[in-house]
Structures are given as C-alpha cells and as structure tokens.
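Colleague: First the structure, which I've put down as structure tokens, then a few questions once you've had a look.
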Amino acid sequence: MLAPPPLLPRPHPLRRRLVRLYDRLHRRYGPQRWWPARTRFEVVVGAILTQNAAWRNAERAIARLRGADALDLRAVLALTPTRLAALLRPSGTFRLKARRLRAFAAHVSRRHGGRLDRLLALPLGELRAELLGIPGIGPETADAIALYAAGRPIFVVDAYTRRILARHRLVRPDADYALVQAFVMSHLPHDPALFNELHALLVRVGKEYCRPRPRCAVCPLRYDLRGRAPRL
C-alpha cells in the first residue's frame, strides 16, 4: 500500500487573520497601485516629502518640482538651497525637507556617481543600512524607498499600521517600528507586491475608518474585532 501523503502544517492563526484582513480590504478597495510616481527618483522625493505631512501636500510640492524641471537628482543639486526650499513649501517643514532631499542627492552623487539605480541595486540589508546613514532618512522612509523604488520585500510601518494592528490586538499598543515590522514579516510571504498592497490598503482604511476616533461600526474590518471593543 502507498503511504498516505504527509499532512501539511496548518497556517498559523495570526497569519490567517492577516491574510483575511488583506483579502477583505482588497475586495473592498481593489488594487491601490502605490507608489504614485513616474520615476524611481520621484518615489524617493515623495518618501521624504510625506514625512509628517499629508500626501496631498507632498504631491503639491512634487508638482512644483516638476514644473521647475527639477525632478531628477542633478537638478536638485543644481538648485540653491533657498530655491529648493521654496519649491517644497507646500509639504510643510520645507527647509528641513530641502536639506534632507539635498543630502540624499549628494550622497548618491558622491557614493554612486549620481546613479540612483546603483544604490537601489544593492542587497536589501546593505541598501537599508546605507539609506539609514543619510541624514533625515529614518526607518519608515528607508523602507518606503526600498519597497516602492527598489521593489524589495520589506514591509513599511506607519502610524495607520500601528494603530490598526494595536486596536485589533495583533500587536501591543506600545510596540515600536521594528516589532510591528517583524510581526507582519514573520507571518506573511516576503513578496514585494503583497507588502505594497497591504501597506496601501491599511493606509486607506486607516484614513477612512481607523481614525483617532474610530468608526468601527461601519469599518470593513469590524468582523475581526470579534465583538470586542477596539483597543484605543
């Protein structure tokens, strides 16, 4: 007699919950097609400008850069600090962001001969470490660049992600960036497309429902609370 096939391990309950959250949001909203940008350098610019700013304000600043024909690395370096800051004004804290964008452009120029593709081709660990070494680039910005500009399998954690996962009791309310990222990445396949869509979908539901004062009664993820009040 043939031996019966080996039993496949059951998926971890937390993985099943994360997959169901993703499926529910994907059915509700469809593909988000993030990051909205025409070039990989524009992704980098957006990742820096959206720091502590609404995306619509970052978009306005990007449009001003495009109108000034300054949406490439060399053009950014050719602008005076005052002119660059003026173009970035709609994004808020524009002088600080001008310094950060110039620091990024100067780093790529100095370290990679002005070739952004060379930086983005580094292995993920090296890429992330190098990005974090650039002034003004923190974990969220570095990971957004790695995921959306370089197509690397790393999950981006933002305030929406932490809020949603904490309210659903998937992570502790005081979990830091690294812990939340490790939680998601330990339970899902390391697929850039999946991490891309999941992050974008969590941002969408966070903006519409999982606000500081949540709208749980009409949220598409209400089922996952299982009758419990969300952890606020």
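A note on labels: chains of the structure tokens are A, B, ... as shown, every chain counts residues from 1, and ligands are counted from 1 in their shown order.
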As a PyMOL selection string, which residues of range 52-187 of chain A does DSSP assign to helix (DSSP H, G or I)?

Modeller: chain A and resi 55-67+73-78+81-87+89-91+94-112+116-120+124-132+139-149+159-167+177-187

Colleague: Please provide the set of residues having any atom within 7 Å of range 58-72 of chain A, restricted to only C-alpha atoms, with same-chain residues fewer than 5 positions apart removed, written as a list in words.

Modeller: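 The contact residues come out as Phe41, Glu42, Gly46, Leu49, Thr50, Ala53, Leu87, Leu88, Arg89, Pro90 and Ser91 of chain A.
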
Colleague: Counting only C-alpha atoms, which of A:Ala149, A:Ala105, A:Leu21, A:Ala159 gets nearest to Asn52 in chain A?

Modeller: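 Between A:Ala149, A:Ala105, A:Leu21, A:Ala159, the residue approaching Asn52 in chain A most closely is A:Ala159.
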
Colleague: Within 9 Å of range 100-102 of chain A, counting only C-alpha atoms, which residues qualify if same-chain residues fewer than 2 places away don't, as a tab-separated table (two decimals) with C-alpha atoms, in the first residue's frame?

Modeller:
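To be explicit, this is the file written out as around_4.tsv:
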```
chain	number	residue	atom	x	y	z
A	44	VAL	CA	12.32	58.88	-3.20
A	45	VAL	CA	11.22	62.52	-3.28
A	48	ILE	CA	10.96	62.31	2.02
A	49	LEU	CA	8.27	64.93	1.48
A	73	LEU	CA	18.95	64.13	-8.91
A	76	VAL	CA	18.01	69.08	-7.24
A	77	LEU	CA	21.71	69.59	-6.61
A	81	PRO	CA	19.01	75.73	-1.01
A	84	LEU	CA	14.67	74.22	-3.41
A	95	ARG	CA	13.54	73.97	4.81
A	96	LEU	CA	14.22	70.76	6.72
A	97	LYS	CA	12.96	68.63	3.86
A	98	ALA	CA	15.06	70.60	1.38
A	104	PHE	CA	20.11	62.23	-0.34
A	105	ALA	CA	21.02	63.61	-3.77
A	106	ALA	CA	24.54	64.50	-2.60
A	107	HIS	CA	25.03	61.02	-1.16
A	134	ILE	CA	21.78	59.54	5.18
A	135	PRO	CA	20.73	62.47	7.40
A	136	GLY	CA	16.95	62.68	7.73
A	137	ILE	CA	16.25	59.15	6.48
```

Colleague: Can you work out the spacing between CA of Tyr29 in chain A and CA of Asp174 in chain A in Å, to one decimal?

Modeller: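 Atom-to-atom, CA of Tyr29 in chain A and CA of Asp174 in chain A are spaced 29.0 Å apart.
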
Colleague: Pick out the residues sitting within 10 Å of Arg169 in chain A, and hand them over as a list in words; count only C-alpha atoms, and ignore anything fewer than 4 positions along from it in its own chain.

Modeller: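 Once the adjacent positions are removed, what remains is Arg163, Ile164, Leu165, Pro173, Asp224, Leu225, Arg228, Pro230 and Arg231 of chain A.
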